[in-house]
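Pasted below: upload.pdb, PDB, C-alpha atoms, pLDDT in the B column.
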ATOM      1  CA  MET S 541      18.328 -12.742  -2.410  1.00 52.00           C
ATOM      2  CA  ALA S 542      22.017 -12.224  -3.197  1.00 52.00           C
ATOM      3  CA  ARG S 543      23.837  -9.844  -0.888  1.00 59.00           C
ATOM      4  CA  GLN S 544      25.166  -7.898  -3.875  1.00 65.00           C
ATOM      5  CA  SER S 545      21.626  -7.283  -5.097  1.00 75.00           C
ATOM      6  CA  LEU S 546      20.581  -5.996  -1.679  1.00 82.00           C
ATOM      7  CA  ASP S 547      23.610  -3.725  -1.466  1.00 85.00           C
ATOM      8  CA  GLU S 548      22.827  -2.240  -4.873  1.00 87.00           C
ATOM      9  CA  LEU S 549      19.281  -1.490  -3.826  1.00 90.00           C
ATOM     10  CA  CYS S 550      20.385  -0.034  -0.483  1.00 92.00           C
ATOM     11  CA  ALA S 551      22.611   2.385  -2.388  1.00 90.00           C
ATOM     12  CA  HIS S 552      19.544   3.618  -4.281  1.00 89.00           C
ATOM     13  CA  LEU S 553      17.566   3.849  -1.057  1.00 93.00           C
ATOM     14  CA  GLY S 554      20.305   5.779   0.729  1.00 92.00           C
ATOM     15  CA  HIS S 555      20.117   3.491   3.764  1.00 94.00           C
ATOM     16  CA  SER S 556      22.133   0.543   5.068  1.00 93.00           C
ATOM     17  CA  PHE S 557      19.792  -1.883   6.818  1.00 95.00           C
ATOM     18  CA  ALA S 558      20.674  -3.049  10.316  1.00 95.00           C
ATOM     19  CA  ASN S 559      18.083  -5.787   9.745  1.00 95.00           C
ATOM     20  CA  PRO S 560      18.294  -6.814   6.053  1.00 92.00           C
ATOM     21  CA  ASP S 561      15.425  -9.262   6.557  1.00 92.00           C
ATOM     22  CA  LEU S 562      13.067  -6.271   6.569  1.00 94.00           C
ATOM     23  CA  LEU S 563      14.150  -5.343   3.075  1.00 94.00           C
ATOM     24  CA  VAL S 564      13.887  -8.967   1.916  1.00 92.00           C
ATOM     25  CA  GLU S 565      10.321  -9.033   3.262  1.00 92.00           C
ATOM     26  CA  ALA S 566       9.480  -5.751   1.525  1.00 94.00           C
ATOM     27  CA  LEU S 567      10.547  -7.240  -1.809  1.00 92.00           C
ATOM     28  CA  ALA S 568       8.559 -10.472  -1.433  1.00 90.00           C
ATOM     29  CA  HIS S 569       5.446 -10.421  -3.617  1.00 89.00           C
ATOM     30  CA  ALA S 570       2.523 -12.614  -2.606  1.00 84.00           C
ATOM     31  CA  SER S 571       2.929 -14.705  -5.776  1.00 80.00           C
ATOM     32  CA  ALA S 572       6.364 -16.037  -4.839  1.00 74.00           C
ATOM     33  CA  ASN S 573       6.817 -19.669  -3.858  1.00 59.00           C
ATOM     34  CA  ARG S 574       8.358 -19.419  -0.412  1.00 53.00           C
ATOM     35  CA  ARG S 575       9.065 -21.736   2.478  1.00 46.00           C
ATOM     36  CA  ALA S 576       6.100 -22.563   4.704  1.00 39.00           C
ATOM     37  CA  GLY S 577       5.262 -19.781   7.077  1.00 46.00           C
ATOM     38  CA  ALA S 578       7.197 -17.093   5.208  1.00 57.00           C
ATOM     39  CA  GLY S 579       5.430 -13.794   4.807  1.00 71.00           C
ATOM     40  CA  ASP S 580       5.002 -11.379   1.941  1.00 86.00           C
ATOM     41  CA  ASN S 581       5.215  -7.600   1.794  1.00 92.00           C
ATOM     42  CA  GLN S 582       1.573  -6.758   2.470  1.00 92.00           C
ATOM     43  CA  ARG S 583       2.015  -5.749   6.109  1.00 95.00           C
ATOM     44  CA  LEU S 584       4.955  -3.505   5.264  1.00 96.00           C
ATOM     45  CA  GLU S 585       2.958  -2.086   2.359  1.00 96.00           C
ATOM     46  CA  PHE S 586       0.163  -1.177   4.788  1.00 97.00           C
ATOM     47  CA  LEU S 587       2.643   0.603   7.052  1.00 98.00           C
ATOM     48  CA  GLY S 588       4.519   2.311   4.234  1.00 97.00           C
ATOM     49  CA  ASP S 589       1.320   3.759   2.814  1.00 97.00           C
ATOM     50  CA  ARG S 590       0.702   5.568   6.111  1.00 97.00           C
ATOM     51  CA  VAL S 591       4.308   6.732   6.469  1.00 98.00           C
ATOM     52  CA  LEU S 592       4.313   8.136   2.929  1.00 98.00           C
ATOM     53  CA  GLY S 593       1.033   9.931   3.578  1.00 97.00           C
ATOM     54  CA  LEU S 594       2.353  11.488   6.786  1.00 97.00           C
ATOM     55  CA  VAL S 595       5.588  12.737   5.224  1.00 97.00           C
ATOM     56  CA  ILE S 596       3.885  14.130   2.103  1.00 95.00           C
ATOM     57  CA  ALA S 597       1.098  15.803   4.095  1.00 94.00           C
ATOM     58  CA  ASP S 598       3.598  17.400   6.461  1.00 93.00           C
ATOM     59  CA  HIS S 599       5.734  18.604   3.552  1.00 91.00           C
ATOM     60  CA  LEU S 600       2.814  20.177   1.683  1.00 89.00           C
ATOM     61  CA  LEU S 601       1.381  21.889   4.759  1.00 88.00           C
ATOM     62  CA  ARG S 602       4.752  23.431   5.530  1.00 86.00           C
ATOM     63  CA  LEU S 603       5.352  24.419   1.920  1.00 83.00           C
ATOM     64  CA  TYR S 604       1.914  25.963   1.375  1.00 81.00           C
ATOM     65  CA  ASP S 605       1.123  27.333   4.816  1.00 75.00           C
ATOM     66  CA  THR S 606      -1.610  29.713   3.623  1.00 71.00           C
ATOM     67  CA  ALA S 607      -3.359  27.472   1.090  1.00 72.00           C
ATOM     68  CA  GLU S 608      -6.756  25.892   1.665  1.00 71.00           C
ATOM     69  CA  THR S 609      -6.609  22.211   2.602  1.00 76.00           C
ATOM     70  CA  GLY S 610      -8.796  21.356  -0.375  1.00 73.00           C
ATOM     71  CA  ALA S 611      -6.188  22.703  -2.755  1.00 74.00           C
ATOM     72  CA  ILE S 612      -3.396  20.899  -0.922  1.00 82.00           C
ATOM     73  CA  ALA S 613      -5.402  17.671  -0.930  1.00 84.00           C
ATOM     74  CA  ARG S 614      -5.515  17.617  -4.726  1.00 79.00           C
ATOM     75  CA  GLN S 615      -1.739  17.775  -4.919  1.00 85.00           C
ATOM     76  CA  TYR S 616      -1.414  15.231  -2.092  1.00 90.00           C
ATOM     77  CA  ASN S 617      -3.618  12.743  -3.911  1.00 88.00           C
ATOM     78  CA  THR S 618      -1.480  13.057  -7.031  1.00 87.00           C
ATOM     79  CA  LEU S 619       1.737  12.439  -5.123  1.00 93.00           C
ATOM     80  CA  VAL S 620       0.599   9.343  -3.220  1.00 94.00           C
ATOM     81  CA  ARG S 621      -1.294   7.640  -6.048  1.00 91.00           C
ATOM     82  CA  ARG S 622      -0.184   4.346  -7.578  1.00 91.00           C
ATOM     83  CA  GLU S 623       1.340   5.958 -10.662  1.00 91.00           C
ATOM     84  CA  SER S 624       3.676   8.140  -8.603  1.00 92.00           C
ATOM     85  CA  LEU S 625       4.835   5.211  -6.487  1.00 95.00           C
ATOM     86  CA  ALA S 626       5.434   3.100  -9.579  1.00 93.00           C
ATOM     87  CA  GLU S 627       7.442   5.934 -11.142  1.00 93.00           C
ATOM     88  CA  VAL S 628       9.772   6.057  -8.136  1.00 94.00           C
ATOM     89  CA  ALA S 629      10.052   2.264  -8.151  1.00 94.00           C
ATOM     90  CA  LEU S 630      11.183   2.381 -11.780  1.00 93.00           C
ATOM     91  CA  GLN S 631      13.732   5.084 -11.012  1.00 92.00           C
ATOM     92  CA  ILE S 632      15.447   2.901  -8.412  1.00 92.00           C
ATOM     93  CA  GLY S 633      15.122  -0.306 -10.439  1.00 91.00           C
ATOM     94  CA  LEU S 634      12.947  -1.920  -7.804  1.00 93.00           C
ATOM     95  CA  GLY S 635      11.399  -4.417 -10.211  1.00 88.00           C
ATOM     96  CA  ASP S 636      14.737  -6.154 -10.734  1.00 89.00           C
ATOM     97  CA  HIS S 637      14.979  -6.941  -7.024  1.00 90.00           C
ATOM     98  CA  LEU S 638      11.463  -8.279  -6.399  1.00 90.00           C
ATOM     99  CA  THR S 639      10.847 -11.859  -5.371  1.00 87.00           C
ATOM    100  CA  LEU S 640       8.133 -13.091  -7.728  1.00 85.00           C
ATOM    101  CA  SER S 641       6.780 -16.446  -8.793  1.00 82.00           C
ATOM    102  CA  LYS S 642       8.186 -17.746 -12.076  1.00 83.00           C
ATOM    103  CA  SER S 643       4.855 -17.183 -13.811  1.00 84.00           C
ATOM    104  CA  GLU S 644       4.538 -13.634 -12.465  1.00 80.00           C
ATOM    105  CA  ARG S 645       8.079 -12.815 -13.492  1.00 81.00           C
ATOM    106  CA  ALA S 646       7.472 -14.282 -16.945  1.00 83.00           C
ATOM    107  CA  SER S 647       4.327 -12.188 -17.383  1.00 84.00           C
ATOM    108  CA  GLY S 648       6.266  -8.984 -16.664  1.00 81.00           C
ATOM    109  CA  GLY S 649       5.378  -8.670 -12.997  1.00 77.00           C
ATOM    110  CA  GLY S 650       8.521  -6.681 -12.332  1.00 81.00           C
ATOM    111  CA  ARG S 651       7.162  -3.920 -14.560  1.00 85.00           C
ATOM    112  CA  LYS S 652       3.493  -3.911 -13.513  1.00 88.00           C
ATOM    113  CA  PRO S 653       2.548  -0.561 -11.915  1.00 90.00           C
ATOM    114  CA  ALA S 654       0.388  -2.159  -9.206  1.00 89.00           C
ATOM    115  CA  ILE S 655       3.144  -4.532  -8.072  1.00 90.00           C
ATOM    116  CA  LEU S 656       5.791  -1.814  -8.222  1.00 93.00           C
ATOM    117  CA  ALA S 657       3.645   0.642  -6.266  1.00 93.00           C
ATOM    118  CA  ASP S 658       2.879  -1.899  -3.542  1.00 94.00           C
ATOM    119  CA  ALA S 659       6.554  -2.863  -3.265  1.00 95.00           C
ATOM    120  CA  CYS S 660       7.602   0.778  -3.054  1.00 96.00           C
ATOM    121  CA  GLU S 661       5.233   1.327  -0.153  1.00 97.00           C
ATOM    122  CA  ALA S 662       6.570  -1.825   1.495  1.00 97.00           C
ATOM    123  CA  VAL S 663      10.144  -0.552   1.137  1.00 97.00           C
ATOM    124  CA  ILE S 664       9.118   2.704   2.814  1.00 98.00           C
ATOM    125  CA  GLY S 665       7.630   0.657   5.640  1.00 97.00           C
ATOM    126  CA  ALA S 666      10.867  -1.313   5.953  1.00 97.00           C
ATOM    127  CA  LEU S 667      12.917   1.893   6.037  1.00 97.00           C
ATOM    128  CA  TYR S 668      10.685   3.208   8.807  1.00 98.00           C
ATOM    129  CA  LEU S 669      11.020   0.067  10.936  1.00 98.00           C
ATOM    130  CA  ASP S 670      14.772  -0.187  10.432  1.00 97.00           C
ATOM    131  CA  GLY S 671      15.823   3.453  10.666  1.00 96.00           C
ATOM    132  CA  GLY S 672      12.852   5.330  12.025  1.00 97.00           C
ATOM    133  CA  LEU S 673      10.933   8.176  10.443  1.00 97.00           C
ATOM    134  CA  ASP S 674      14.118   9.996   9.418  1.00 96.00           C
ATOM    135  CA  ALA S 675      15.276   7.117   7.215  1.00 97.00           C
ATOM    136  CA  ALA S 676      11.897   6.839   5.518  1.00 97.00           C
ATOM    137  CA  ALA S 677      11.483  10.610   5.163  1.00 97.00           C
ATOM    138  CA  ASN S 678      14.957  11.032   3.654  1.00 96.00           C
ATOM    139  CA  PHE S 679      14.101   8.542   0.924  1.00 96.00           C
ATOM    140  CA  ILE S 680      10.700  10.113   0.305  1.00 97.00           C
ATOM    141  CA  HIS S 681      12.070  13.646   0.079  1.00 95.00           C
ATOM    142  CA  ARG S 682      14.792  12.591  -2.372  1.00 93.00           C
ATOM    143  CA  PHE S 683      12.186  11.523  -4.928  1.00 93.00           C
ATOM    144  CA  TRP S 684       8.863  13.136  -4.072  1.00 94.00           C
ATOM    145  CA  ASP S 685      10.026  16.717  -3.521  1.00 88.00           C
ATOM    146  CA  ALA S 686      11.096  17.015  -7.162  1.00 84.00           C
ATOM    147  CA  MET S 687       7.890  15.303  -8.210  1.00 85.00           C
ATOM    148  CA  ALA S 688       5.865  17.837  -6.221  1.00 82.00           C
ATOM    149  CA  ASP S 689       7.560  20.653  -8.125  1.00 76.00           C
ATOM    150  CA  SER S 690       6.682  19.091 -11.467  1.00 70.00           C
ATOM    151  CA  VAL S 691       3.116  18.116 -10.562  1.00 66.00           C
ATOM    152  CA  ALA S 692       1.807  21.641 -10.032  1.00 58.00           C
ATOM    153  CA  LYS S 693       2.577  25.123  -8.904  1.00 58.00           C
ATOM    154  CA  ALA S 694       1.764  26.041  -5.343  1.00 51.00           C
ATOM    155  CA  PRO S 695      -1.937  25.408  -4.851  1.00 58.00           C
ATOM    156  CA  LYS S 696      -3.896  28.607  -4.333  1.00 65.00           C
ATOM    157  CA  ASP S 697      -7.324  28.994  -2.839  1.00 76.00           C
ATOM    158  CA  ALA S 698      -9.757  31.365  -4.532  1.00 85.00           C
ATOM    159  CA  LYS S 699      -9.348  34.151  -1.953  1.00 88.00           C
ATOM    160  CA  THR S 700      -5.561  34.141  -2.335  1.00 84.00           C
ATOM    161  CA  ALA S 701      -5.820  34.139  -6.125  1.00 84.00           C
ATOM    162  CA  LEU S 702      -8.296  37.030  -6.079  1.00 89.00           C
ATOM    163  CA  GLN S 703      -6.113  39.053  -3.700  1.00 88.00           C
ATOM    164  CA  GLU S 704      -3.079  38.536  -5.941  1.00 85.00           C
ATOM    165  CA  PHE S 705      -5.159  39.564  -8.935  1.00 85.00           C
ATOM    166  CA  ALA S 706      -6.051  42.839  -7.224  1.00 86.00           C
ATOM    167  CA  GLN S 707      -2.501  43.461  -6.002  1.00 85.00           C
ATOM    168  CA  ALA S 708      -1.082  42.936  -9.493  1.00 82.00           C
ATOM    169  CA  ARG S 709      -3.267  45.800 -10.669  1.00 80.00           C
ATOM    170  CA  THR S 710      -2.517  48.050  -7.665  1.00 73.00           C
ATOM    171  CA  GLN S 711      -6.146  47.820  -6.629  1.00 78.00           C
ATOM    172  CA  SER S 712      -7.517  47.800  -3.106  1.00 88.00           C
ATOM    173  CA  PRO S 713      -7.824  44.287  -1.635  1.00 92.00           C
ATOM    174  CA  PRO S 714     -11.155  42.448  -2.004  1.00 94.00           C
ATOM    175  CA  VAL S 715     -13.814  43.354   0.563  1.00 95.00           C
ATOM    176  CA  TYR S 716     -16.093  40.604   1.928  1.00 96.00           C
ATOM    177  CA  ALA S 717     -19.411  41.130   3.727  1.00 96.00           C
ATOM    178  CA  VAL S 718     -22.061  38.715   5.023  1.00 96.00           C
ATOM    179  CA  ILE S 719     -25.353  39.700   3.395  1.00 95.00           C
ATOM    180  CA  ASP S 720     -27.543  36.782   4.509  1.00 94.00           C
ATOM    181  CA  GLN S 721     -27.594  34.069   7.152  1.00 93.00           C
ATOM    182  CA  GLU S 722     -30.297  31.423   7.407  1.00 91.00           C
ATOM    183  CA  GLY S 723     -31.001  28.096   9.060  1.00 86.00           C
ATOM    184  CA  PRO S 724     -30.656  26.750  12.618  1.00 84.00           C
ATOM    185  CA  PRO S 725     -27.397  27.225  14.567  1.00 78.00           C
ATOM    186  CA  HIS S 726     -26.206  23.672  13.805  1.00 75.00           C
ATOM    187  CA  ASP S 727     -26.901  24.045  10.071  1.00 78.00           C
ATOM    188  CA  THR S 728     -26.460  27.727   9.247  1.00 85.00           C
ATOM    189  CA  ARG S 729     -25.882  28.794   5.656  1.00 90.00           C
ATOM    190  CA  PHE S 730     -24.083  32.055   4.957  1.00 92.00           C
ATOM    191  CA  THR S 731     -24.187  34.215   1.864  1.00 95.00           C
ATOM    192  CA  VAL S 732     -21.213  36.523   1.361  1.00 95.00           C
ATOM    193  CA  GLU S 733     -20.682  39.333  -1.103  1.00 96.00           C
ATOM    194  CA  VAL S 734     -17.217  40.226  -2.402  1.00 96.00           C
ATOM    195  CA  ARG S 735     -16.231  43.481  -4.097  1.00 94.00           C
ATOM    196  CA  ILE S 736     -13.127  44.648  -5.948  1.00 91.00           C
ATOM    197  CA  ASP S 737     -12.565  47.866  -7.842  1.00 88.00           C
ATOM    198  CA  GLY S 738     -14.092  48.001 -11.292  1.00 83.00           C
ATOM    199  CA  MET S 739     -16.273  44.886 -10.933  1.00 86.00           C
ATOM    200  CA  PRO S 740     -19.880  44.385  -9.840  1.00 90.00           C
ATOM    201  CA  PRO S 741     -20.240  42.570  -6.482  1.00 92.00           C
ATOM    202  CA  THR S 742     -20.418  38.786  -6.579  1.00 93.00           C
ATOM    203  CA  GLU S 743     -22.067  36.428  -4.112  1.00 94.00           C
ATOM    204  CA  GLY S 744     -21.222  32.991  -2.779  1.00 92.00           C
ATOM    205  CA  SER S 745     -22.782  30.665  -0.201  1.00 91.00           C
ATOM    206  CA  GLY S 746     -21.466  28.069   2.236  1.00 87.00           C
ATOM    207  CA  ARG S 747     -21.979  26.441   5.611  1.00 84.00           C
ATOM    208  CA  SER S 748     -19.371  28.728   7.179  1.00 86.00           C
ATOM    209  CA  LYS S 749     -18.341  32.328   6.580  1.00 89.00           C
ATOM    210  CA  ARG S 750     -14.983  31.128   5.290  1.00 86.00           C
ATOM    211  CA  ALA S 751     -16.553  28.684   2.833  1.00 85.00           C
ATOM    212  CA  ALA S 752     -18.938  31.384   1.619  1.00 89.00           C
ATOM    213  CA  GLU S 753     -16.042  33.792   1.104  1.00 91.00           C
ATOM    214  CA  GLN S 754     -14.190  31.178  -0.928  1.00 89.00           C
ATOM    215  CA  ALA S 755     -17.292  30.551  -3.045  1.00 90.00           C
ATOM    216  CA  ALA S 756     -17.756  34.272  -3.652  1.00 92.00           C
ATOM    217  CA  ALA S 757     -14.096  34.720  -4.621  1.00 91.00           C
ATOM    218  CA  ALA S 758     -14.271  31.735  -6.997  1.00 88.00           C
ATOM    219  CA  ALA S 759     -17.421  33.140  -8.613  1.00 89.00           C
ATOM    220  CA  LEU S 760     -15.777  36.524  -9.119  1.00 91.00           C
ATOM    221  CA  LEU S 761     -12.684  34.921 -10.643  1.00 87.00           C
ATOM    222  CA  GLU S 762     -14.936  33.047 -13.041  1.00 84.00           C
ATOM    223  CA  ASN S 763     -16.711  36.280 -13.951  1.00 83.00           C
ATOM    224  CA  LEU S 764     -13.394  37.930 -14.642  1.00 77.00           C
ATOM    225  CA  GLY S 765     -12.732  35.326 -17.309  1.00 64.00           C
ATOM    226  CA  ASP S 766      -9.094  35.442 -16.218  1.00 44.00           C
ATOM    227  CA  ALA S 767      -8.741  32.383 -14.018  1.00 37.00           C
ATOM    228  CA  ASP S 768      -5.753  31.019 -15.921  1.00 42.00           C
ATOM    229  CA  GLU S 769      -3.811  34.218 -15.457  1.00 42.00           C
ATOM    230  CA  VAL S 770      -4.335  34.564 -11.729  1.00 40.00           C
ATOM    231  CA  ALA S 771      -3.389  30.931 -11.195  1.00 41.00           C
ATOM    232  CA  GLY S 772      -0.009  31.637 -12.759  1.00 43.00           C
ATOM    233  CA  GLU S 773       2.218  34.704 -13.022  1.00 40.00           C
ATOM    234  CA  PRO S 774       0.193  37.935 -13.181  1.00 39.00           C
ATOM    235  CA  HIS S 775       1.180  40.648 -15.603  1.00 38.00           C
ATOM    236  CA  SER S 776       1.201  44.357 -15.049  1.00 35.00           C
ATOM    237  CA  SER S 777      -1.578  46.369 -16.611  1.00 32.00           C
TER     238      SER S 777
END

Encoded form using structure tokens:
Amino acid sequence: MARQSLDELCAHLGHSFANPDLLVEALAHASANRRAGAGDNQRLEFLGDRVLGLVIADHLLRLYDTAETGAIARQYNTLVRRESLAEVALQIGLGDHLTLSKSERASGGGRKPAILADACEAVIGALYLDGGLDAAANFIHRFWDAMADSVAKAPKDAKTALQEFAQARTQSPPVYAVIDQEGPPHDTRFTVEVRIDGMPPTEGSGRSKRAAEQAAAAALLENLGDADEVAGEPHSS
């Protein structure tokens, strides 16, 4: 690959490679006709997938430190999916720098989401090996932080949403109480009742008190018929 092409890509990546061969490897698709023994980007792709997951998970947990992991996981899955990786690859013009076979290039391989996503992960892996976690994380944050803002508002668990609903109406906070517990110690099922002012009590069940509380809060939100409002900006009554 021409040095000028590598330099252009490095400018987009925000990193100057001490070992440019890592970047060349990251851009080498399995379809390319290469010299005997030359590798492709699959190993770097494997590594980059894990580095991306670590950085995104850490970012979301810090950003939403009171949210349930289930809510965070939904946003995480959106950010690390193929479509998101391909979107970043298009933003940095990654397809123009890929090493592809003539037939793959002719069939539009440089624009295929699967190829772009794999190459983007491989580039992240190369950044990690060449500059450590900081180099990879800097690149990820430059593109994924803005994407996280556009994907969704801060994920809220049902208990948080219900508490905010009550606070917006200057009501007392929700009150939770265990009303039933059954099953052996290793497989106990709890039933919890939740109350807020002006609403009949609502029940929810789960294999832990916390899960049962979440289920009860979700059921009450559904009964309120106001789930869309409490997920966004509440209004004053």

Contacts of Val715 in chain S at 10 Å (all atoms listed in the file; same-chain gap of 5+ positions) as number ranges by chain
S: 703, 733-737, 741, 753

Between CA of Leu760 in chain S and CA of Gly723 in chain S, distance in Å (one decimal):
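Computed distance, CA of Leu760 in chain S to CA of Gly723 in chain S, equals 25.2 Å.
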
Taking the file as shown, what set of residues would the PyMOL selection byres ((chain S and resi 752) around 9) give back, as a PyMOL selection string?
chain S and resi 718+729-733+743-751+753-757

What's the separation between CA of Leu563 in chain S and CA of Asp658 in chain S, in Å to one decimal place?
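That distance, rounded to one decimal, is 13.5 Å.
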
For the structure shown, which residues end up in the PyMOL selection byres ((chain S and resi 590) around 12)? Put them as a ChimeraX atom specification, please?
/S:583-589,591-597,620,661-662,664-665,668,673,676-677

Write the residues of the preceding selection, restricted to C-alpha atoms, as a PDB file, in the coordinates of the input.
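Final output, out-v2.pdb:
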ATOM      1  CA  ARG S 583       2.015  -5.749   6.109  1.00 95.00           C
ATOM      2  CA  LEU S 584       4.955  -3.505   5.264  1.00 96.00           C
ATOM      3  CA  GLU S 585       2.958  -2.086   2.359  1.00 96.00           C
ATOM      4  CA  PHE S 586       0.163  -1.177   4.788  1.00 97.00           C
ATOM      5  CA  LEU S 587       2.643   0.603   7.052  1.00 98.00           C
ATOM      6  CA  GLY S 588       4.519   2.311   4.234  1.00 97.00           C
ATOM      7  CA  ASP S 589       1.320   3.759   2.814  1.00 97.00           C
ATOM      8  CA  VAL S 591       4.308   6.732   6.469  1.00 98.00           C
ATOM      9  CA  LEU S 592       4.313   8.136   2.929  1.00 98.00           C
ATOM     10  CA  GLY S 593       1.033   9.931   3.578  1.00 97.00           C
ATOM     11  CA  LEU S 594       2.353  11.488   6.786  1.00 97.00           C
ATOM     12  CA  VAL S 595       5.588  12.737   5.224  1.00 97.00           C
ATOM     13  CA  ILE S 596       3.885  14.130   2.103  1.00 95.00           C
ATOM     14  CA  ALA S 597       1.098  15.803   4.095  1.00 94.00           C
ATOM     15  CA  VAL S 620       0.599   9.343  -3.220  1.00 94.00           C
ATOM     16  CA  GLU S 661       5.233   1.327  -0.153  1.00 97.00           C
ATOM     17  CA  ALA S 662       6.570  -1.825   1.495  1.00 97.00           C
ATOM     18  CA  ILE S 664       9.118   2.704   2.814  1.00 98.00           C
ATOM     19  CA  GLY S 665       7.630   0.657   5.640  1.00 97.00           C
ATOM     20  CA  TYR S 668      10.685   3.208   8.807  1.00 98.00           C
ATOM     21  CA  LEU S 673      10.933   8.176  10.443  1.00 97.00           C
ATOM     22  CA  ALA S 676      11.897   6.839   5.518  1.00 97.00           C
ATOM     23  CA  ALA S 677      11.483  10.610   5.163  1.00 97.00           C
TER      24      ALA S 677
END

CA of Asp670 in chain S sits from CA of Ser545 in chain S at a separation of 18.4 Å

Taking the file as shown, what set of residues would the PyMOL selection byres ((chain S and resi 612-615) around 8) give back, as a list in words?
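For this structure, the PyMOL selection byres ((chain S and resi 612-615) around 8) captures Leu600, Leu601, Tyr604, Ala607, Glu608, Thr609, Gly610, Ala611, Tyr616, Asn617, Thr618, Leu619, Ala688, Val691, Ala692 and Pro695 of chain S.
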
Identify which of the residues S:His555, S:His726, S:Arg651, S:His569 lies closest to Gly633 in chain S, counting all atoms listed in the file when measuring atom-to-atom distances.
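Answer, going by the shortest atom-to-atom distance: S:Arg651.
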
Please list as a ChimeraX atom specification every residue within 9 Å of range 638-644 of chain S, counting only C-alpha atoms and excluding residues in the same chain fewer than 6 positions away.
/S:541,564,566-573,650,656,659

Looking at all atoms listed in the file, which of S:Arg682, S:Glu722, S:Ala666, S:Leu634 is the one that sits closest to Phe557 in chain S?
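Of S:Arg682, S:Glu722, S:Ala666, S:Leu634, the one nearest Phe557 in chain S, counting all atoms listed in the file, is S:Ala666.
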
Counting all atoms listed in the file, figure out which residue out of S:Asp689, S:Gly738, S:Leu603, S:Leu553 gets nearest to Arg709 in chain S.
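Looking only at the distances to Arg709 in chain S, the closest residue turns out to be S:Gly738.
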
Which one of S:Phe705, S:Glu627, S:Asn581, S:Gly554 sits closest to Asp674 in chain S if you count all atoms listed in the file?
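Of all the options, S:Gly554 lies closest to Asp674 in chain S.
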
S:Ala759, S:Ala686, S:Ala558, S:Ala626 ranked by distance to Ala701 in chain S, top pick (using all atoms listed in the file):
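Checking each of S:Ala759, S:Ala686, S:Ala558, S:Ala626 against Ala701 in chain S, counting all atoms listed in the file, the winner is S:Ala759.
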
Counting all atoms listed in the file, which of S:Asp685, S:Glu762, S:Ala717, S:Ser712 gets nearest to Asp598 in chain S?
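Between S:Asp685, S:Glu762, S:Ala717, S:Ser712, the residue approaching Asp598 in chain S most closely is S:Asp685.
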